[in-house]
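Everything below belongs to run_39.cif, which stores mmCIF, C-alpha atoms and all ligand atoms.
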```cif
data_my_file
loop_
_atom_site.label_atom_id
_atom_site.label_comp_id
_atom_site.auth_asym_id
_atom_site.auth_seq_id
_atom_site.Cartn_x
_atom_site.Cartn_y
_atom_site.Cartn_z
CA MET A 134 19.85 57.23 -0.95
CA ILE A 135 20.84 53.56 -0.87
CA ASP A 136 24.43 52.24 -0.83
CA LEU A 137 24.82 49.01 -2.81
CA TYR A 138 27.87 46.91 -1.99
CA THR A 139 28.26 44.64 -4.98
CA ALA A 140 30.42 42.93 -7.61
CA ALA A 141 29.76 41.81 -11.19
CA THR A 142 28.10 38.48 -10.32
CA PRO A 143 24.54 37.10 -10.54
CA ASN A 144 23.76 37.80 -6.87
CA GLY A 145 24.94 41.38 -7.31
CA TRP A 146 23.02 41.89 -10.57
CA LYS A 147 19.79 40.78 -8.91
CA VAL A 148 19.95 43.88 -6.73
CA SER A 149 21.24 46.41 -9.28
CA ILE A 150 18.57 45.26 -11.77
CA THR A 151 15.86 45.57 -9.10
CA LEU A 152 17.05 49.07 -8.13
CA GLU A 153 17.03 50.07 -11.81
CA GLU A 154 13.56 48.62 -12.38
CA LEU A 155 12.23 50.45 -9.34
CA GLY A 156 13.96 53.71 -10.24
CA LEU A 157 15.40 54.01 -6.72
CA PRO A 158 18.56 56.16 -6.55
CA TYR A 159 21.64 54.31 -5.30
CA THR A 160 25.38 54.61 -4.97
CA VAL A 161 27.48 51.67 -6.14
CA ARG A 162 30.17 50.59 -3.66
CA PRO A 163 32.22 47.99 -5.57
CA VAL A 164 33.64 45.15 -3.46
CA ALA A 165 36.81 43.57 -4.92
CA LEU A 166 36.14 39.86 -4.40
CA GLY A 167 39.54 38.93 -5.88
CA ARG A 168 41.18 40.93 -3.07
CA ASN A 169 38.82 39.42 -0.47
CA GLU A 170 37.46 42.83 0.56
CA GLN A 171 34.23 41.02 1.49
CA LYS A 172 36.10 39.40 4.41
CA GLU A 173 37.46 42.66 5.88
CA PRO A 174 36.12 43.65 9.34
CA ALA A 175 34.39 46.84 8.10
CA TYR A 176 32.41 44.84 5.54
CA LEU A 177 31.71 41.94 7.92
CA ALA A 178 30.09 44.47 10.26
CA LEU A 179 27.48 44.97 7.52
CA ASN A 180 27.30 41.42 6.19
CA PRO A 181 28.36 38.74 8.71
CA ASN A 182 28.41 36.16 5.90
CA GLY A 183 31.22 38.02 4.10
CA LYS A 184 29.60 37.97 0.67
CA ILE A 185 28.05 40.47 -1.72
CA PRO A 186 25.46 41.95 -2.04
CA THR A 187 24.54 44.23 0.87
CA ILE A 188 22.52 47.44 0.96
CA VAL A 189 22.47 50.30 3.44
CA ASP A 190 19.30 52.39 3.26
CA HIS A 191 20.18 55.88 4.48
CA ASP A 192 16.55 56.97 4.05
CA ASN A 193 15.72 54.44 6.76
CA GLY A 194 18.27 55.36 9.42
CA GLY A 195 21.10 53.41 7.76
CA PHE A 196 19.16 50.13 7.88
CA VAL A 197 21.35 47.29 6.58
CA VAL A 198 20.06 44.31 4.57
CA PHE A 199 22.17 41.32 3.48
CA GLU A 200 21.17 38.13 1.57
CA SER A 201 20.07 38.99 -1.95
CA GLY A 202 16.57 37.47 -1.64
CA ALA A 203 15.87 39.52 1.49
CA ILE A 204 17.21 42.63 -0.24
CA LEU A 205 14.85 42.12 -3.19
CA VAL A 206 11.84 41.76 -0.89
CA TYR A 207 12.90 44.85 1.12
CA LEU A 208 13.29 46.98 -2.03
CA ALA A 209 10.05 45.78 -3.62
CA GLU A 210 8.14 46.54 -0.41
CA LYS A 211 9.82 49.93 -0.07
CA ALA A 212 8.73 50.88 -3.62
CA GLY A 213 5.41 49.01 -3.61
CA GLN A 214 6.24 47.31 -6.92
CA LEU A 215 7.50 43.93 -8.26
CA LEU A 216 5.85 42.04 -5.35
CA PRO A 217 2.05 41.85 -5.04
CA ALA A 218 0.47 43.03 -1.80
CA ASP A 219 -2.23 40.32 -1.65
CA ARG A 220 -1.29 37.21 0.33
CA ASP A 221 -1.65 34.65 -2.47
CA GLY A 222 0.05 36.76 -5.13
CA ARG A 223 2.88 37.56 -2.74
CA SER A 224 3.26 33.89 -1.85
CA ARG A 225 3.48 32.89 -5.52
CA VAL A 226 6.33 35.34 -6.09
CA LEU A 227 8.12 34.27 -2.91
CA GLN A 228 7.87 30.60 -3.93
CA TRP A 229 9.78 31.29 -7.16
CA LEU A 230 12.18 33.61 -5.38
CA MET A 231 12.97 30.81 -2.90
CA PHE A 232 13.32 28.38 -5.81
CA GLN A 233 16.12 30.60 -7.07
CA MET A 234 17.71 31.15 -3.64
CA GLY A 235 17.62 27.47 -2.65
CA GLY A 236 17.98 25.79 -6.06
CA ILE A 237 19.11 27.71 -9.12
CA GLY A 238 21.72 29.85 -7.32
CA PRO A 239 23.47 27.16 -5.26
CA MET A 240 23.35 24.53 -8.02
CA MET A 241 24.57 26.85 -10.79
CA GLY A 242 27.20 28.15 -8.37
CA GLN A 243 28.51 24.62 -7.79
CA ALA A 244 28.30 23.78 -11.51
CA ASN A 245 30.49 26.85 -12.14
CA VAL A 246 32.97 25.79 -9.46
CA PHE A 247 33.47 22.27 -10.80
CA PHE A 248 33.08 23.04 -14.52
CA ARG A 249 35.08 26.30 -14.63
CA TYR A 250 37.18 27.02 -11.56
CA ALA A 251 38.32 23.75 -9.93
CA PRO A 252 41.96 23.09 -10.90
CA GLU A 253 41.13 19.36 -10.84
CA LYS A 254 38.32 18.22 -13.16
CA ILE A 255 36.06 15.77 -11.31
CA PRO A 256 33.57 14.32 -13.82
CA TYR A 257 31.17 13.05 -11.12
CA ALA A 258 30.86 16.52 -9.55
CA ILE A 259 30.57 18.34 -12.90
CA GLU A 260 27.86 15.97 -14.11
CA ARG A 261 25.97 15.95 -10.81
CA TYR A 262 25.58 19.76 -10.70
CA GLN A 263 25.00 20.22 -14.42
CA ARG A 264 22.31 17.52 -14.38
CA GLU A 265 20.57 19.16 -11.41
CA VAL A 266 20.75 22.59 -13.07
CA ARG A 267 19.22 21.19 -16.24
CA ARG A 268 16.44 19.60 -14.16
CA LEU A 269 15.73 22.95 -12.49
CA PHE A 270 15.68 24.63 -15.93
CA GLU A 271 13.05 22.10 -17.00
CA VAL A 272 10.95 23.06 -13.97
CA LEU A 273 11.21 26.73 -14.98
CA ASP A 274 10.32 25.87 -18.58
CA GLY A 275 7.23 24.01 -17.39
CA GLN A 276 6.14 26.95 -15.25
CA LEU A 277 6.67 29.41 -18.13
CA GLY A 278 4.55 27.40 -20.58
CA GLY A 279 1.42 29.48 -21.18
CA ARG A 280 2.52 32.44 -19.04
CA ASP A 281 4.86 35.35 -19.68
CA PHE A 282 6.45 35.45 -16.23
CA LEU A 283 7.04 33.06 -13.36
CA ALA A 284 4.35 34.30 -10.95
CA GLY A 285 1.78 36.66 -12.44
CA ASP A 286 3.24 40.01 -13.53
CA TYR A 287 6.98 40.60 -13.95
CA SER A 288 8.39 40.46 -10.41
CA ILE A 289 11.47 40.04 -8.24
CA ALA A 290 11.12 36.27 -8.87
CA ASP A 291 11.85 36.84 -12.57
CA ILE A 292 14.76 39.15 -11.80
CA ALA A 293 16.33 36.72 -9.32
CA ASN A 294 16.06 33.68 -11.59
CA TRP A 295 17.03 35.55 -14.76
CA SER A 296 20.20 36.95 -13.18
CA TRP A 297 21.49 33.39 -12.89
CA VAL A 298 19.78 31.51 -15.73
CA HIS A 299 20.80 33.85 -18.56
CA SER A 300 24.44 32.78 -17.96
CA HIS A 301 23.64 29.07 -18.43
CA ALA A 302 26.50 28.69 -20.95
CA TRP A 303 29.03 29.64 -18.25
CA SER A 304 27.74 26.66 -16.23
CA GLY A 305 27.96 24.47 -19.34
CA VAL A 306 24.22 23.71 -19.28
CA SER A 307 22.19 23.84 -22.49
CA ILE A 308 18.70 25.32 -22.75
CA GLU A 309 18.01 23.45 -25.97
CA GLY A 310 14.50 22.01 -26.10
CA LEU A 311 13.25 24.53 -23.50
CA PRO A 312 11.34 27.03 -25.68
CA HIS A 313 9.47 28.81 -22.89
CA LEU A 314 12.62 29.37 -20.88
CA SER A 315 14.49 30.66 -23.98
CA ARG A 316 11.69 33.09 -24.82
CA TRP A 317 11.61 34.38 -21.20
CA ILE A 318 15.42 34.84 -21.10
CA ASP A 319 15.31 36.89 -24.32
CA ALA A 320 12.29 38.96 -23.25
CA ILE A 321 13.90 40.00 -19.96
CA ALA A 322 17.33 40.60 -21.51
CA VAL A 323 16.04 43.47 -23.67
CA ARG A 324 14.50 45.44 -20.80
CA PRO A 325 16.48 48.70 -20.49
CA ALA A 326 16.58 48.48 -16.67
CA VAL A 327 17.99 44.94 -16.90
CA GLN A 328 20.72 46.11 -19.26
CA ARG A 329 21.62 49.00 -16.95
CA GLY A 330 21.61 46.78 -13.86
CA LYS A 331 23.71 44.11 -15.57
CA ALA A 332 26.41 46.74 -16.29
CA VAL A 333 26.90 47.32 -12.51
CA PRO A 334 29.48 47.68 -11.10
CA ILE A 335 31.72 47.58 -14.17
CA PRO A 336 30.81 46.11 -17.58
CA PRO A 337 33.18 43.15 -18.06
CA ASP A 338 35.88 43.55 -20.68
CA PRO A 339 34.84 41.04 -23.38
CA GLY A 340 38.45 40.23 -24.38
CA THR A 341 39.66 39.04 -21.01
CA ALA A 342 36.43 38.45 -19.11
CA ASP A 343 36.69 34.65 -18.91
CA GLU A 344 40.25 34.57 -17.58
CA LYS A 345 39.55 37.34 -15.10
CA ARG A 346 36.44 35.59 -13.79
CA ILE A 347 38.25 32.28 -13.38
CA ASP A 348 41.21 33.95 -11.71
CA ALA A 349 39.03 35.93 -9.29
CA ALA A 350 36.93 32.88 -8.44
CA ARG A 351 40.00 30.73 -7.73
CA LYS A 352 41.31 33.34 -5.29
CA ILE A 353 38.02 33.24 -3.36
CA LEU A 354 37.84 29.43 -3.36
CA VAL A 355 41.22 28.77 -1.73
N1 LIG B 1 23.10 33.66 -0.24
C1 LIG B 1 23.92 34.81 -0.56
C2 LIG B 1 25.02 34.37 -1.51
C3 LIG B 1 25.91 35.53 -1.88
C4 LIG B 1 27.14 35.05 -2.65
O1 LIG B 1 27.40 33.83 -2.78
N2 LIG B 1 27.92 36.02 -3.13
C5 LIG B 1 29.13 35.69 -3.84
C6 LIG B 1 29.18 36.37 -5.19
S1 LIG B 1 27.84 35.81 -6.22
C7 LIG B 1 30.32 36.20 -3.02
O2 LIG B 1 30.26 37.26 -2.44
N3 LIG B 1 31.41 35.43 -2.99
C8 LIG B 1 32.58 35.83 -2.30
C9 LIG B 1 33.00 34.84 -1.25
O3 LIG B 1 32.42 33.74 -1.17
O4 LIG B 1 33.94 35.15 -0.50
C10 LIG B 1 23.04 35.88 -1.23
O5 LIG B 1 22.13 35.48 -1.97
O6 LIG B 1 23.23 37.07 -0.96
#
```

Do you think you could lay out the structure here as structure tokens?
Amino acid sequence: MIDLYTAATPNGWKVSITLEELGLPYTVRPVALGRNEQKEPAYLALNPNGKIPTIVDHDNGGFVVFESGAILVYLAEKAGQLLPADRDGRSRVLQWLMFQMGGIGPMMGQANVFFRYAPEKIPYAIERYQREVRRLFEVLDGQLGGRDFLAGDYSIADIANWSWVHSHAWSGVSIEGLPHLSRWIDAIAVRPAVQRGKAVPIPPDPGTADEKRIDAARKILV
């Protein structure tokens, strides 16, 4: 059994979607980011960076993995799926996984901070991050032209990027004029495992979701 320490955010969904796709049993351990539980000593002992997600694999002597990209690779290798075994195929998937970890995630994260959460609206910062996110979306669109998925078969690279990109509206970045990216977002969204993983840990309440997200994010950012 695997313990998944998570919250309802893109980096958390990457892992719950991967676990669902792989059919690996897991127990959800919700971490209340708004109450800063991720900075408590017991959690920092698992994840020195004080962020979600983290997994503890009790089938492997309680082995702990933090950093969502590393967790995805660990799970895919454990199950022997969603990451090719051959060197070139594996490298292609890792390239697009790193693209998400080093580009899409940090840039969309900053776009969200300045567009949604910052009490002071700074046009230069909002435009800088939104422009960079749009540029990265165009790179994804180019890669998806003529292929169904980012790197061969459906893989952890698709899961990692999708978990962020599907919420482009929250970052205030349009996907208009990017037909391959739009088609890929829709195709992944209807996968049953993706829908189950996206509902972890708690499906957001549609009525108050925006205010709750902004409120929780502001508490973390102070
Ligand atoms: N590079 C880390 C980033 C994780 C991350 O930023 N997690 C956010 C939620 S998406 C978090 O825990 N924020 C709480 C905080 O910063 O205190 C990963 O990919 O695991």

- Nearest candidate to ligand LIG 1 (chain B) (options A:Val272, A:Ala203, A:Ile308, A:Val197; using only C-alpha atoms and all ligand atoms): A:Ala203

- Query: Which residues sit within 7 Å of ligand LIG 1 (chain B), counting all atoms listed in the file, listed as an MDAnalysis selection string?
  - Reply: chainID A and resid 142:145 166 169 171:172 183:186 199:202 234 353

Next, the residues of the selection above should be written as a PDB file, in the frame of the given file with C-alpha atoms.
```pdb
ATOM      1  CA  THR A 142      28.100  38.480 -10.320  1.00  0.00           C
ATOM      2  CA  PRO A 143      24.540  37.100 -10.540  1.00  0.00           C
ATOM      3  CA  ASN A 144      23.760  37.800  -6.870  1.00  0.00           C
ATOM      4  CA  GLY A 145      24.940  41.380  -7.310  1.00  0.00           C
ATOM      5  CA  LEU A 166      36.140  39.860  -4.400  1.00  0.00           C
ATOM      6  CA  ASN A 169      38.820  39.420  -0.470  1.00  0.00           C
ATOM      7  CA  GLN A 171      34.230  41.020   1.490  1.00  0.00           C
ATOM      8  CA  LYS A 172      36.100  39.400   4.410  1.00  0.00           C
ATOM      9  CA  GLY A 183      31.220  38.020   4.100  1.00  0.00           C
ATOM     10  CA  LYS A 184      29.600  37.970   0.670  1.00  0.00           C
ATOM     11  CA  ILE A 185      28.050  40.470  -1.720  1.00  0.00           C
ATOM     12  CA  PRO A 186      25.460  41.950  -2.040  1.00  0.00           C
ATOM     13  CA  PHE A 199      22.170  41.320   3.480  1.00  0.00           C
ATOM     14  CA  GLU A 200      21.170  38.130   1.570  1.00  0.00           C
ATOM     15  CA  SER A 201      20.070  38.990  -1.950  1.00  0.00           C
ATOM     16  CA  GLY A 202      16.570  37.470  -1.640  1.00  0.00           C
ATOM     17  CA  MET A 234      17.710  31.150  -3.640  1.00  0.00           C
ATOM     18  CA  ILE A 353      38.020  33.240  -3.360  1.00  0.00           C
TER      19      ILE A 353
END
```

- Query: Between atom CA of Leu208 of chain A and atom CA of Ser296 of chain A, what is the distance, to one decimal in Å?
  - Reply: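 Going from atom CA of Leu208 of chain A over to atom CA of Ser296 of chain A, I get 16.5 Å.
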
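Counting all atoms listed in the file and comparing A:Val226, A:Ala175, A:Met240, A:Val323, the residue that lies closest to Val266 of chain A is A:Met240.
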
- Compare A:Val161, A:Leu215, A:Leu354, A:Ile135 by their minimum atom-to-atom distance to Val198 of chain A, counting all atoms listed in the file, and give me the closest one. A:Ile135

- What does the distance between atom CA of Gly305 of chain A and atom CA of Ile150 of chain A come to in Å, to one decimal place?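 Separation between atom CA of Gly305 of chain A and atom CA of Ile150 of chain A: 24.0 Å.
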
- Task: Please provide as a ChimeraX atom specification all residues within 12 Å of Ile259 of chain A, with the sequence filter that same-chain residues fewer than 2 positions apart are discarded (counting only C-alpha atoms).
- Result: /A:240-251,253-257,261-266,304-306

When you write segment 166-216 of chain A out from the block above, keep C-alpha atoms and present the result as a PDB file, in the first residue's frame, please.
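Final output, saved to decode_32.pdb:
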```
ATOM      1  CA  LEU A 166      -2.126  23.800   2.830  1.00  0.00           C
ATOM      2  CA  GLY A 167      -4.268  26.673   4.175  1.00  0.00           C
ATOM      3  CA  ARG A 168      -3.291  25.586   7.708  1.00  0.00           C
ATOM      4  CA  ASN A 169       0.367  25.147   6.674  1.00  0.00           C
ATOM      5  CA  GLU A 170       0.399  21.464   7.660  1.00  0.00           C
ATOM      6  CA  GLN A 171       3.093  21.000   4.991  1.00  0.00           C
ATOM      7  CA  LYS A 172       5.496  22.991   7.207  1.00  0.00           C
ATOM      8  CA  GLU A 173       4.959  20.904  10.365  1.00  0.00           C
ATOM      9  CA  PRO A 174       7.973  18.880  11.601  1.00  0.00           C
ATOM     10  CA  ALA A 175       6.319  15.469  11.034  1.00  0.00           C
ATOM     11  CA  TYR A 176       5.675  16.330   7.385  1.00  0.00           C
ATOM     12  CA  LEU A 177       9.081  17.984   6.876  1.00  0.00           C
ATOM     13  CA  ALA A 178      10.656  14.701   7.974  1.00  0.00           C
ATOM     14  CA  LEU A 179       9.115  13.175   4.826  1.00  0.00           C
ATOM     15  CA  ASN A 180       9.451  16.146   2.497  1.00  0.00           C
ATOM     16  CA  PRO A 181      12.235  18.594   3.445  1.00  0.00           C
ATOM     17  CA  ASN A 182      10.856  21.104   0.913  1.00  0.00           C
ATOM     18  CA  GLY A 183       7.574  21.404   2.850  1.00  0.00           C
ATOM     19  CA  LYS A 184       5.300  20.990  -0.165  1.00  0.00           C
ATOM     20  CA  ILE A 185       2.887  18.391  -1.489  1.00  0.00           C
ATOM     21  CA  PRO A 186       2.986  15.765  -2.939  1.00  0.00           C
ATOM     22  CA  THR A 187       4.894  13.004  -1.125  1.00  0.00           C
ATOM     23  CA  ILE A 188       4.453   9.236  -1.209  1.00  0.00           C
ATOM     24  CA  VAL A 189       5.442   6.550   1.272  1.00  0.00           C
ATOM     25  CA  ASP A 190       5.650   3.082  -0.280  1.00  0.00           C
ATOM     26  CA  HIS A 191       4.983   0.570   2.492  1.00  0.00           C
ATOM     27  CA  ASP A 192       5.537  -2.314   0.055  1.00  0.00           C
ATOM     28  CA  ASN A 193       9.115  -1.073  -0.225  1.00  0.00           C
ATOM     29  CA  GLY A 194      10.054  -0.735   3.448  1.00  0.00           C
ATOM     30  CA  GLY A 195       8.366   2.668   3.839  1.00  0.00           C
ATOM     31  CA  PHE A 196      10.474   4.237   1.072  1.00  0.00           C
ATOM     32  CA  VAL A 197       9.681   7.964   0.800  1.00  0.00           C
ATOM     33  CA  VAL A 198       9.632   9.925  -2.466  1.00  0.00           C
ATOM     34  CA  PHE A 199       9.102  13.693  -2.756  1.00  0.00           C
ATOM     35  CA  GLU A 200       9.113  15.982  -5.852  1.00  0.00           C
ATOM     36  CA  SER A 201       6.215  15.132  -8.140  1.00  0.00           C
ATOM     37  CA  GLY A 202       8.360  14.356 -11.205  1.00  0.00           C
ATOM     38  CA  ALA A 203      10.460  11.879  -9.212  1.00  0.00           C
ATOM     39  CA  ILE A 204       7.282  10.326  -7.803  1.00  0.00           C
ATOM     40  CA  LEU A 205       5.870   9.799 -11.304  1.00  0.00           C
ATOM     41  CA  VAL A 206       9.063   8.094 -12.481  1.00  0.00           C
ATOM     42  CA  TYR A 207       9.153   5.910  -9.336  1.00  0.00           C
ATOM     43  CA  LEU A 208       5.522   4.800  -9.785  1.00  0.00           C
ATOM     44  CA  ALA A 209       5.856   4.168 -13.522  1.00  0.00           C
ATOM     45  CA  GLU A 210       8.966   2.051 -12.925  1.00  0.00           C
ATOM     46  CA  LYS A 211       7.303   0.189 -10.071  1.00  0.00           C
ATOM     47  CA  ALA A 212       4.344  -0.738 -12.316  1.00  0.00           C
ATOM     48  CA  GLY A 213       6.309  -1.083 -15.559  1.00  0.00           C
ATOM     49  CA  GLN A 214       3.880   1.213 -17.401  1.00  0.00           C
ATOM     50  CA  LEU A 215       3.610   4.852 -18.612  1.00  0.00           C
ATOM     51  CA  LEU A 216       7.409   5.082 -19.119  1.00  0.00           C
TER      52      LEU A 216
END
```
